[in-house]
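Data from work-v7.cif: mmCIF, C-alpha atoms
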data_my_file
loop_
_atom_site.label_atom_id
_atom_site.label_comp_id
_atom_site.auth_asym_id
_atom_site.auth_seq_id
_atom_site.Cartn_x
_atom_site.Cartn_y
_atom_site.Cartn_z
CA MET Z 1 7.32 -42.09 -61.76
CA ARG Z 2 11.06 -41.89 -61.24
CA LYS Z 3 12.59 -45.33 -60.82
CA ILE Z 4 15.89 -46.01 -59.10
CA ALA Z 5 17.82 -49.29 -59.06
CA ILE Z 6 19.46 -50.31 -55.79
CA ILE Z 7 22.13 -53.00 -55.93
CA GLY Z 8 21.76 -55.41 -53.02
CA THR Z 9 19.15 -56.06 -50.34
CA SER Z 10 21.24 -56.63 -47.22
CA ALA Z 11 20.38 -54.98 -43.89
CA GLY Z 12 23.01 -52.36 -44.69
CA GLN Z 13 20.80 -51.18 -47.57
CA LYS Z 14 17.72 -50.59 -45.40
CA GLU Z 15 18.19 -46.85 -44.91
CA LEU Z 16 18.94 -46.43 -48.62
CA TYR Z 17 15.55 -47.87 -49.58
CA LYS Z 18 13.81 -45.77 -46.94
CA LYS Z 19 15.49 -42.59 -48.12
CA ALA Z 20 14.69 -43.32 -51.75
CA HIS Z 21 11.01 -43.58 -50.83
CA LEU Z 22 11.14 -40.32 -48.87
CA LEU Z 23 12.53 -38.65 -52.01
CA GLY Z 24 9.68 -40.03 -54.10
CA TYR Z 25 11.51 -42.78 -55.99
CA TYR Z 26 10.07 -46.12 -57.07
CA THR Z 27 12.69 -48.61 -55.88
CA ILE Z 28 13.88 -51.64 -57.82
CA GLY Z 29 16.06 -54.05 -55.84
CA PHE Z 30 18.46 -56.71 -57.05
CA SER Z 31 19.93 -59.63 -55.09
CA TRP Z 32 19.97 -63.41 -55.03
CA ASP Z 33 17.88 -63.40 -51.85
CA ALA Z 34 16.06 -60.89 -49.68
CA SER Z 35 14.50 -61.04 -46.22
CA GLU Z 36 10.81 -60.40 -45.65
CA GLU Z 37 11.71 -57.15 -43.90
CA MET Z 38 13.71 -55.90 -46.89
CA LEU Z 39 11.05 -57.03 -49.39
CA SER Z 40 8.54 -54.86 -47.53
CA LEU Z 41 10.71 -51.82 -48.37
CA ILE Z 42 11.18 -52.58 -52.09
CA ASP Z 43 8.63 -51.62 -54.73
CA LYS Z 44 9.85 -54.19 -57.25
CA TYR Z 45 12.32 -56.99 -56.58
CA TYR Z 46 14.39 -59.02 -59.03
CA ASN Z 47 15.80 -62.26 -57.64
CA ILE Z 48 19.03 -61.84 -59.62
CA SER Z 49 22.50 -62.23 -58.14
CA ILE Z 50 24.28 -58.89 -58.11
CA VAL Z 51 27.24 -60.41 -59.97
CA GLU Z 52 24.92 -60.93 -62.99
CA LYS Z 53 25.68 -57.38 -64.01
CA ASP Z 54 24.67 -57.61 -67.68
CA LEU Z 55 21.31 -59.09 -66.73
CA ILE Z 56 20.85 -56.22 -64.27
CA VAL Z 57 21.68 -53.77 -67.08
CA GLN Z 58 19.00 -55.43 -69.23
CA LYS Z 59 16.34 -55.20 -66.49
CA CYS Z 60 17.25 -51.60 -65.66
CA ARG Z 61 16.97 -50.67 -69.32
CA GLU Z 62 13.53 -52.32 -69.51
CA GLU Z 63 12.45 -50.48 -66.35
CA ASN Z 64 13.84 -47.17 -67.66
CA VAL Z 65 15.55 -46.35 -64.36
CA CYS Z 66 16.95 -42.85 -63.89
CA GLY Z 67 19.73 -43.87 -61.51
CA VAL Z 68 21.56 -46.77 -59.91
CA VAL Z 69 23.06 -46.76 -56.41
CA SER Z 70 24.49 -49.05 -53.74
CA ASN Z 71 25.60 -48.83 -50.14
CA GLY Z 72 29.22 -48.55 -51.25
CA SER Z 73 30.61 -51.99 -50.39
CA GLU Z 74 33.61 -53.16 -52.42
CA LEU Z 75 31.43 -55.42 -54.57
CA THR Z 76 28.21 -53.42 -54.92
CA VAL Z 77 30.02 -50.23 -55.92
CA ARG Z 78 31.68 -52.10 -58.80
CA ILE Z 79 28.32 -53.40 -59.97
CA SER Z 80 26.52 -50.06 -59.68
CA SER Z 81 29.29 -48.23 -61.56
CA TYR Z 82 29.18 -50.84 -64.34
CA VAL Z 83 25.40 -50.63 -64.70
CA ALA Z 84 25.39 -46.81 -64.60
CA GLU Z 85 28.06 -46.64 -67.28
CA LYS Z 86 26.26 -49.07 -69.59
CA LEU Z 87 23.06 -47.03 -69.26
CA SER Z 88 24.79 -43.62 -69.54
CA LEU Z 89 23.55 -42.67 -66.07
CA PRO Z 90 25.45 -40.52 -63.54
CA GLY Z 91 28.29 -42.41 -61.87
CA THR Z 92 32.03 -42.75 -61.66
CA PRO Z 93 33.52 -44.76 -64.57
CA HIS Z 94 33.69 -48.49 -63.88
CA GLU Z 95 37.40 -48.61 -64.72
CA THR Z 96 38.06 -45.79 -62.26
CA ILE Z 97 36.25 -47.66 -59.47
CA GLN Z 98 38.32 -50.77 -60.21
CA ASN Z 99 41.51 -48.71 -60.14
CA ILE Z 100 40.60 -47.06 -56.83
CA GLN Z 101 40.17 -50.50 -55.27
CA ASN Z 102 43.83 -51.18 -56.14
CA LYS Z 103 45.76 -49.79 -53.15
CA LEU Z 104 49.06 -49.66 -55.06
CA TRP Z 105 47.46 -47.66 -57.89
CA VAL Z 106 46.03 -45.19 -55.36
CA ARG Z 107 49.44 -44.75 -53.71
CA GLU Z 108 51.02 -44.00 -57.08
CA LYS Z 109 48.27 -41.59 -58.14
CA THR Z 110 48.32 -39.55 -54.92
CA GLN Z 111 52.02 -38.71 -54.85
CA ASN Z 112 53.12 -35.07 -54.63
CA ILE Z 113 49.90 -33.57 -53.31
CA ASN Z 114 50.85 -30.43 -51.44
CA GLY Z 115 50.19 -30.89 -47.72
CA LEU Z 116 49.76 -34.67 -47.89
CA PHE Z 117 52.64 -36.62 -46.33
CA GLN Z 118 53.64 -39.80 -48.12
CA ILE Z 119 53.92 -43.30 -46.68
CA HIS Z 120 56.83 -45.36 -47.94
CA TYR Z 121 55.44 -48.46 -49.68
CA ASN Z 122 56.50 -51.40 -51.84
CA LEU Z 123 54.80 -54.20 -53.71
CA TYR Z 124 56.04 -57.45 -52.16
CA GLU Z 125 58.31 -59.28 -54.62
CA GLY Z 126 60.04 -61.78 -52.34
CA ILE Z 127 62.15 -59.30 -50.40
CA VAL Z 128 61.70 -58.95 -46.64
CA PRO Z 129 61.18 -55.29 -45.61
CA PRO Z 130 64.35 -53.71 -44.20
CA ASN Z 131 62.55 -52.11 -41.26
CA PHE Z 132 59.95 -53.17 -38.72
CA PRO Z 133 57.28 -52.37 -37.73
CA CYS Z 134 55.39 -52.30 -41.00
CA ILE Z 135 51.90 -52.91 -42.37
CA VAL Z 136 51.23 -55.87 -44.65
CA LYS Z 137 48.00 -55.72 -46.66
CA PRO Z 138 46.45 -57.22 -49.79
CA ILE Z 139 46.55 -54.95 -52.81
CA ALA Z 140 42.73 -54.96 -52.91
CA GLY Z 141 39.97 -55.47 -50.37
CA GLY Z 142 38.05 -53.65 -47.68
CA GLY Z 143 37.05 -53.87 -44.04
CA LYS Z 144 40.64 -54.37 -42.86
CA ARG Z 145 40.54 -57.93 -44.19
CA GLY Z 146 44.06 -59.26 -44.72
CA VAL Z 147 45.73 -56.30 -42.97
CA SER Z 148 48.41 -56.95 -40.33
CA PHE Z 149 50.82 -54.98 -38.15
CA VAL Z 150 54.20 -56.71 -38.24
CA THR Z 151 57.15 -56.32 -35.86
CA ASN Z 152 59.43 -59.23 -36.80
CA LEU Z 153 60.19 -61.84 -39.45
CA ASP Z 154 57.96 -64.56 -37.99
CA GLU Z 155 55.01 -62.20 -37.90
CA PHE Z 156 55.83 -61.10 -41.44
CA THR Z 157 55.58 -64.66 -42.76
CA SER Z 158 52.20 -65.17 -41.10
CA ALA Z 159 50.99 -61.77 -42.30
CA LEU Z 160 51.87 -62.64 -45.90
CA ASP Z 161 49.79 -65.81 -45.73
CA TYR Z 162 46.90 -63.88 -44.18
CA ALA Z 163 47.04 -61.12 -46.84
CA LYS Z 164 47.24 -63.61 -49.68
CA GLN Z 165 43.93 -65.13 -48.57
CA GLN Z 166 42.43 -61.91 -49.97
CA ASN Z 167 44.75 -61.24 -52.92
CA GLU Z 168 47.97 -62.75 -54.25
CA LYS Z 169 49.52 -59.30 -54.61
CA VAL Z 170 50.62 -57.79 -51.30
CA LEU Z 171 51.58 -54.24 -50.35
CA ILE Z 172 54.08 -53.42 -47.61
CA GLU Z 173 53.91 -49.98 -46.00
CA ASP Z 174 55.67 -48.16 -43.20
CA TYR Z 175 53.59 -48.05 -40.05
CA ILE Z 176 52.38 -44.54 -39.25
CA ASP Z 177 51.41 -43.75 -35.67
CA GLY Z 178 48.74 -41.16 -34.96
CA ASN Z 179 45.03 -40.46 -34.81
CA ASP Z 180 42.73 -42.45 -37.11
CA VAL Z 181 40.08 -40.46 -38.94
CA SER Z 182 37.82 -41.08 -41.89
CA VAL Z 183 36.30 -38.47 -44.15
CA GLU Z 184 32.84 -38.95 -45.62
CA SER Z 185 32.22 -37.03 -48.84
CA ILE Z 186 29.70 -36.70 -51.66
CA SER Z 187 30.85 -35.95 -55.22
CA PHE Z 188 28.66 -34.66 -58.04
CA HIS Z 189 30.02 -34.15 -61.56
CA GLY Z 190 33.55 -33.70 -60.21
CA ARG Z 191 32.64 -31.34 -57.36
CA HIS Z 192 33.49 -32.76 -53.94
CA PHE Z 193 31.69 -31.92 -50.69
CA VAL Z 194 33.05 -33.10 -47.33
CA ILE Z 195 30.09 -34.15 -45.18
CA GLN Z 196 31.84 -35.31 -42.02
CA ILE Z 197 35.23 -35.92 -40.44
CA THR Z 198 35.04 -38.93 -38.12
CA ASP Z 199 37.36 -39.81 -35.24
CA LYS Z 200 37.83 -43.58 -35.05
CA GLU Z 201 38.90 -46.07 -32.42
CA ASN Z 202 40.24 -49.49 -33.34
CA SER Z 203 41.47 -52.66 -31.66
CA GLY Z 204 45.11 -51.82 -32.40
CA PRO Z 205 47.67 -54.36 -33.61
CA PRO Z 206 47.68 -56.70 -35.36
CA HIS Z 207 44.51 -56.12 -37.44
CA PHE Z 208 43.13 -52.70 -36.37
CA VAL Z 209 39.46 -53.69 -36.35
CA GLU Z 210 37.28 -50.57 -36.03
CA LEU Z 211 35.45 -50.42 -32.69
CA SER Z 212 33.75 -47.02 -32.60
CA HIS Z 213 33.22 -43.79 -34.53
CA HIS Z 214 32.85 -40.29 -33.07
CA GLN Z 215 31.25 -37.38 -34.90
CA PRO Z 216 31.94 -34.53 -35.16
CA SER Z 217 35.72 -34.78 -34.99
CA ARG Z 218 37.58 -33.24 -32.07
CA LEU Z 219 40.64 -32.45 -34.17
CA PRO Z 220 41.80 -28.80 -34.01
CA GLN Z 221 39.98 -26.61 -36.52
CA ASN Z 222 43.16 -25.84 -38.46
CA ILE Z 223 43.75 -29.57 -39.03
CA GLN Z 224 40.12 -30.06 -40.07
CA MET Z 225 40.44 -27.23 -42.56
CA GLN Z 226 43.61 -28.82 -43.93
CA ILE Z 227 41.78 -32.14 -44.35
CA ARG Z 228 38.86 -30.45 -46.11
CA ALA Z 229 41.31 -28.86 -48.55
CA LEU Z 230 43.10 -32.17 -49.24
CA ILE Z 231 40.09 -34.39 -49.92
CA PRO Z 232 39.08 -32.78 -53.27
CA GLN Z 233 42.69 -33.04 -54.46
CA ILE Z 234 42.84 -36.74 -53.56
CA LEU Z 235 39.53 -37.48 -55.29
CA ASP Z 236 40.56 -35.50 -58.38
CA ARG Z 237 43.83 -37.45 -58.62
CA VAL Z 238 42.04 -40.79 -58.72
CA GLY Z 239 39.31 -39.58 -61.09
CA PHE Z 240 36.34 -39.95 -58.76
CA VAL Z 241 33.44 -37.85 -60.07
CA ASN Z 242 30.07 -39.06 -58.74
CA GLY Z 243 28.94 -40.75 -55.55
CA ALA Z 244 29.90 -41.22 -51.92
CA SER Z 245 33.47 -41.74 -50.76
CA HIS Z 246 35.08 -42.84 -47.50
CA ILE Z 247 38.74 -41.82 -47.13
CA GLU Z 248 40.87 -43.04 -44.23
CA LEU Z 249 43.66 -40.82 -42.90
CA LYS Z 250 46.28 -40.83 -40.14
CA ILE Z 251 47.06 -37.55 -38.36
CA ASN Z 252 50.20 -36.99 -36.27
CA THR Z 253 52.56 -34.17 -35.39
CA LYS Z 254 54.17 -34.34 -38.84
CA GLY Z 255 50.92 -33.96 -40.75
CA VAL Z 256 48.24 -35.82 -42.69
CA TYR Z 257 48.76 -39.24 -44.30
CA LEU Z 258 46.46 -41.07 -46.68
CA ILE Z 259 45.77 -44.66 -45.62
CA GLU Z 260 43.08 -45.82 -48.06
CA ILE Z 261 40.12 -44.77 -50.20
#
Please go through the file and, once you have read it, give me the structure as structure tokens.
Amino acid sequence: MRKIAIIGTSAGQKELYKKAHLLGYYTIGFSWDASEEMLSLIDKYYNISIVEKDLIVQKCREENVCGVVSNGSELTVRISSYVAEKLSLPGTPHETIQNIQNKLWVREKTQNINGLFQIHYNLYEGIVPPNFPCIVKPIAGGGKRGVSFVTNLDEFTSALDYAKQQNEKVLIEDYIDGNDVSVESISFHGRHFVIQITDKENSGPPHFVELSHHQPSRLPQNIQMQIRALIPQILDRVGFVNGASHIELKINTKGVYLIEI
């Protein structure tokens, strides 16, 4: 029987376990705790914290799993990539995943892509940005945590403190107005397939919390085709080869801007 390891047992993993069963996999779950509902979906459960990655590698080796997956959160994707690499299973290299979670590294790697407009950015080194408004964000993190829209010096000071709660290194970017979209893709051995372009609504300044998603996108077809052509180039630049990706973009009259991967 084919066995697959799934990192984490939160409610967000529920559909992953269900789908694995539909595909005929024997599921092995890892977490420090699991609800009764989630345990009913898991064939074999190890009460091991997901940060105990070497212990997870050991158990996966003993179980002879043929794959390791997660729901793609900032933490679980790091663990699944590490385990997959140690076991020589399909995945994106662990170092690459760590690099992609560094927003400054991504900015530097995605320069000069034809058709992708660039956002002016700087790593904060004690100098107040010359122009407002701007975006202040931690160099790593997800879910909009630590991200602020800033219009003046007082707000900038508060935004720095807020960002540094997530990471001591802080990125400052020009604010780009326009439509928010995300692009959901699947990559397999370096081939990238766009699954969906999603129109998003958020709470607006100062933290842009996502409120709703709309699929399929209502963007003009020529813009959607442009996005579909850009995504493989972006993923190639950062070295992503296997797995699911979620890329956030801004679209305005000037063109397409990369926000985050």
Fill in: Expected selection from the PyMOL selection byres ((chain Z and resi 236) around 10), given as a PyMOL selection string
chain Z and resi 109-110+190-192+231-235+237-241
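Applied to the file shown here, the PyMOL selection byres ((chain Z and resi 20) around 12) selects Arg2, Lys3, Ile4, Ala5, Ile6, Gln13, Lys14, Glu15, Leu16, Tyr17, Lys18, Lys19, His21, Leu22, Leu23, Gly24, Tyr25, Tyr26, Thr27, Ile28, Gly29, Leu41, Ile42, Asp43, Gly67, Val68, Val69 and Ser70 of chain Z.
Distance-wise, atom CA of Asn222 of chain Z and atom CA of Leu116 of chain Z end up 14.5 Å apart.
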Item to complete: Find, counting only C-alpha atoms, the residue in Z:Ala244, Z:Val128, Z:Val181, Z:Ile97 that gets nearest to Ile195 of chain Z.
Response: Z:Ala244
Worksheet entry | Å distance separating atom CA of Asp154 of chain Z from atom CA of Gln118 of chain Z, one decimal place | 27.1 Å
Report, as JSON, the axis-aligned box around all atoms of segment 32-49 of chain Z present in the file, extended by 4 Å on each side; give centre and edge lengths in Å to one decimal place.
{"center_x": 15.5, "center_y": -57.5, "center_z": -51.8, "size_x": 22.0, "size_y": 19.8, "size_z": 23.7}
Discussion item. Could you tell me how far atom CA of Gln224 of chain Z sits from atom CA of Ile197 of chain Z, in Å to one decimal place?
Written reply: 7.6 Å
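Residues captured in this structure file are Val77, Arg78, Ile79, Ser80, Ser81, Tyr82, Val83, Ala84, Glu85, Lys86, Gly91, Thr92, Pro93, Glu95, Thr96, Ile97, Gln98, Asn99 and Ile100 of chain Z, according to the PyMOL selection byres ((chain Z and resi 94) around 10).
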Discussion item. I'd like to know which of Z:Ile247, Z:Leu104, Z:Val65, Z:Ala11 is closest to Ser185 of chain Z, using all atoms listed in the file.
Written reply: Z:Ile247
Discussion item. Ranking Z:Gln221, Z:Asn167, Z:Asn202, Z:Asn252 by minimum distance to Asn102 of chain Z and counting all atoms listed in the file, which one comes first?
Written reply: Z:Asn167
Would you mind listing what lies within 12 Å of Gly126 of chain Z as a PDB file with C-alpha atoms, in the coordinates of the input, with all atoms listed in the file counted and same-chain residues fewer than 2 positions away left out?
ATOM      1  CA  ASN Z 122      56.500 -51.400 -51.840  1.00  0.00           C
ATOM      2  CA  LEU Z 123      54.800 -54.200 -53.710  1.00  0.00           C
ATOM      3  CA  TYR Z 124      56.040 -57.450 -52.160  1.00  0.00           C
ATOM      4  CA  VAL Z 128      61.700 -58.950 -46.640  1.00  0.00           C
ATOM      5  CA  PRO Z 129      61.180 -55.290 -45.610  1.00  0.00           C
ATOM      6  CA  PHE Z 156      55.830 -61.100 -41.440  1.00  0.00           C
ATOM      7  CA  THR Z 157      55.580 -64.660 -42.760  1.00  0.00           C
ATOM      8  CA  LEU Z 160      51.870 -62.640 -45.900  1.00  0.00           C
ATOM      9  CA  LYS Z 169      49.520 -59.300 -54.610  1.00  0.00           C
ATOM     10  CA  VAL Z 170      50.620 -57.790 -51.300  1.00  0.00           C
ATOM     11  CA  LEU Z 171      51.580 -54.240 -50.350  1.00  0.00           C
ATOM     12  CA  ILE Z 172      54.080 -53.420 -47.610  1.00  0.00           C
TER      13      ILE Z 172
END
Worksheet entry | Who sits within 8 Å of Phe30 of chain Z, all atoms listed in the file, same chain under 6 positions skipped, as an MDAnalysis selection string | chainID Z and resid 5:9 45:50 56
Generate the output file for the selected residues, C-alpha atoms, as a short mmCIF file (atom, residue, chain, number, x, y, z; two decimals), keeping the file's coordinate frame.
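Output (part.cif):
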data_model
loop_
_atom_site.label_atom_id
_atom_site.label_comp_id
_atom_site.auth_asym_id
_atom_site.auth_seq_id
_atom_site.Cartn_x
_atom_site.Cartn_y
_atom_site.Cartn_z
CA ALA Z 5 17.82 -49.29 -59.06
CA ILE Z 6 19.46 -50.31 -55.79
CA ILE Z 7 22.13 -53.00 -55.93
CA GLY Z 8 21.76 -55.41 -53.02
CA THR Z 9 19.15 -56.06 -50.34
CA TYR Z 45 12.32 -56.99 -56.58
CA TYR Z 46 14.39 -59.02 -59.03
CA ASN Z 47 15.80 -62.26 -57.64
CA ILE Z 48 19.03 -61.84 -59.62
CA SER Z 49 22.50 -62.23 -58.14
CA ILE Z 50 24.28 -58.89 -58.11
CA ILE Z 56 20.85 -56.22 -64.27
#
Worksheet item: For Met38 of chain Z, which residue among Z:Gly12, Z:Ile261, Z:Phe188, Z:Ser212 is the nearest when counting only C-alpha atoms?
Response: Z:Gly12
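Residues of protein, DNA or RNA having at least one counted atom within 6 Å of (45.8, -54.5, -42.1), given only C-alpha atoms, are Lys137, Lys144, Gly146, Val147, Ser148 and His207 of chain Z.
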Missing atoms in segment 56-67 of chain Z: can you complete it with all heavy atoms, as a compact mmCIF listing (two decimals), in the frame of the given file?
# COMPACT_ATOMS: atom_id res chain seq x y z
N ILE Z 56 21.36 -57.39 -64.99
CA ILE Z 56 20.85 -56.22 -64.27
C ILE Z 56 20.74 -55.02 -65.22
O ILE Z 56 19.76 -54.27 -65.17
CB ILE Z 56 21.75 -55.90 -63.06
CG1 ILE Z 56 21.66 -57.02 -62.03
CG2 ILE Z 56 21.36 -54.56 -62.42
CD1 ILE Z 56 22.61 -56.87 -60.86
N VAL Z 57 21.74 -54.84 -66.07
CA VAL Z 57 21.68 -53.77 -67.08
C VAL Z 57 20.43 -53.93 -67.93
O VAL Z 57 19.69 -52.96 -68.18
CB VAL Z 57 22.94 -53.78 -67.97
CG1 VAL Z 57 22.75 -52.86 -69.17
CG2 VAL Z 57 24.17 -53.37 -67.17
N GLN Z 58 20.17 -55.16 -68.37
CA GLN Z 58 19.00 -55.43 -69.23
C GLN Z 58 17.71 -55.06 -68.51
O GLN Z 58 16.84 -54.38 -69.07
CB GLN Z 58 18.99 -56.91 -69.61
CG GLN Z 58 17.76 -57.32 -70.42
CD GLN Z 58 17.71 -58.83 -70.63
OE1 GLN Z 58 18.74 -59.49 -70.77
NE2 GLN Z 58 16.51 -59.39 -70.62
N LYS Z 59 17.56 -55.49 -67.24
CA LYS Z 59 16.34 -55.20 -66.49
C LYS Z 59 16.20 -53.70 -66.21
O LYS Z 59 15.09 -53.15 -66.28
CB LYS Z 59 16.33 -55.99 -65.18
CG LYS Z 59 16.26 -57.50 -65.36
CD LYS Z 59 15.01 -57.92 -66.12
CE LYS Z 59 14.92 -59.42 -66.27
NZ LYS Z 59 13.74 -59.84 -67.09
N CYS Z 60 17.30 -53.04 -65.90
CA CYS Z 60 17.25 -51.60 -65.66
C CYS Z 60 16.86 -50.84 -66.92
O CYS Z 60 16.15 -49.83 -66.85
CB CYS Z 60 18.60 -51.11 -65.14
SG CYS Z 60 18.95 -51.55 -63.43
N ARG Z 61 17.34 -51.31 -68.05
CA ARG Z 61 16.97 -50.67 -69.32
C ARG Z 61 15.48 -50.86 -69.58
O ARG Z 61 14.79 -49.92 -70.00
CB ARG Z 61 17.80 -51.27 -70.46
CG ARG Z 61 17.56 -50.61 -71.81
CD ARG Z 61 18.52 -51.09 -72.87
NE ARG Z 61 19.86 -50.53 -72.72
CZ ARG Z 61 20.96 -51.23 -72.48
NH1 ARG Z 61 20.89 -52.55 -72.36
NH2 ARG Z 61 22.13 -50.64 -72.35
N GLU Z 62 14.96 -52.06 -69.32
CA GLU Z 62 13.53 -52.32 -69.51
C GLU Z 62 12.69 -51.47 -68.56
O GLU Z 62 11.61 -51.00 -68.93
CB GLU Z 62 13.24 -53.80 -69.26
CG GLU Z 62 13.83 -54.73 -70.31
CD GLU Z 62 13.70 -56.20 -69.92
OE1 GLU Z 62 13.11 -56.48 -68.85
OE2 GLU Z 62 14.18 -57.07 -70.69
N GLU Z 63 13.19 -51.26 -67.35
CA GLU Z 63 12.45 -50.48 -66.35
C GLU Z 63 12.61 -48.97 -66.54
O GLU Z 63 11.92 -48.18 -65.90
CB GLU Z 63 12.91 -50.86 -64.94
CG GLU Z 63 12.59 -52.28 -64.53
CD GLU Z 63 11.13 -52.48 -64.19
OE1 GLU Z 63 10.37 -51.48 -64.19
OE2 GLU Z 63 10.72 -53.63 -63.94
N ASN Z 64 13.57 -48.59 -67.41
CA ASN Z 64 13.84 -47.17 -67.66
C ASN Z 64 14.19 -46.43 -66.36
O ASN Z 64 13.63 -45.37 -66.06
CB ASN Z 64 12.64 -46.50 -68.34
CG ASN Z 64 13.01 -45.15 -68.92
OD1 ASN Z 64 14.15 -44.91 -69.33
ND2 ASN Z 64 12.05 -44.25 -68.97
N VAL Z 65 15.14 -46.98 -65.61
CA VAL Z 65 15.55 -46.35 -64.36
C VAL Z 65 16.31 -45.05 -64.65
O VAL Z 65 16.94 -44.91 -65.71
CB VAL Z 65 16.42 -47.29 -63.50
CG1 VAL Z 65 15.68 -48.58 -63.17
CG2 VAL Z 65 17.76 -47.59 -64.17
N CYS Z 66 16.24 -44.12 -63.71
CA CYS Z 66 16.95 -42.85 -63.89
C CYS Z 66 18.23 -42.79 -63.07
O CYS Z 66 18.98 -41.81 -63.14
CB CYS Z 66 16.05 -41.68 -63.51
SG CYS Z 66 15.55 -41.66 -61.78
N GLY Z 67 18.51 -43.85 -62.29
CA GLY Z 67 19.73 -43.87 -61.51
C GLY Z 67 19.97 -45.25 -60.92
O GLY Z 67 19.04 -46.06 -60.82
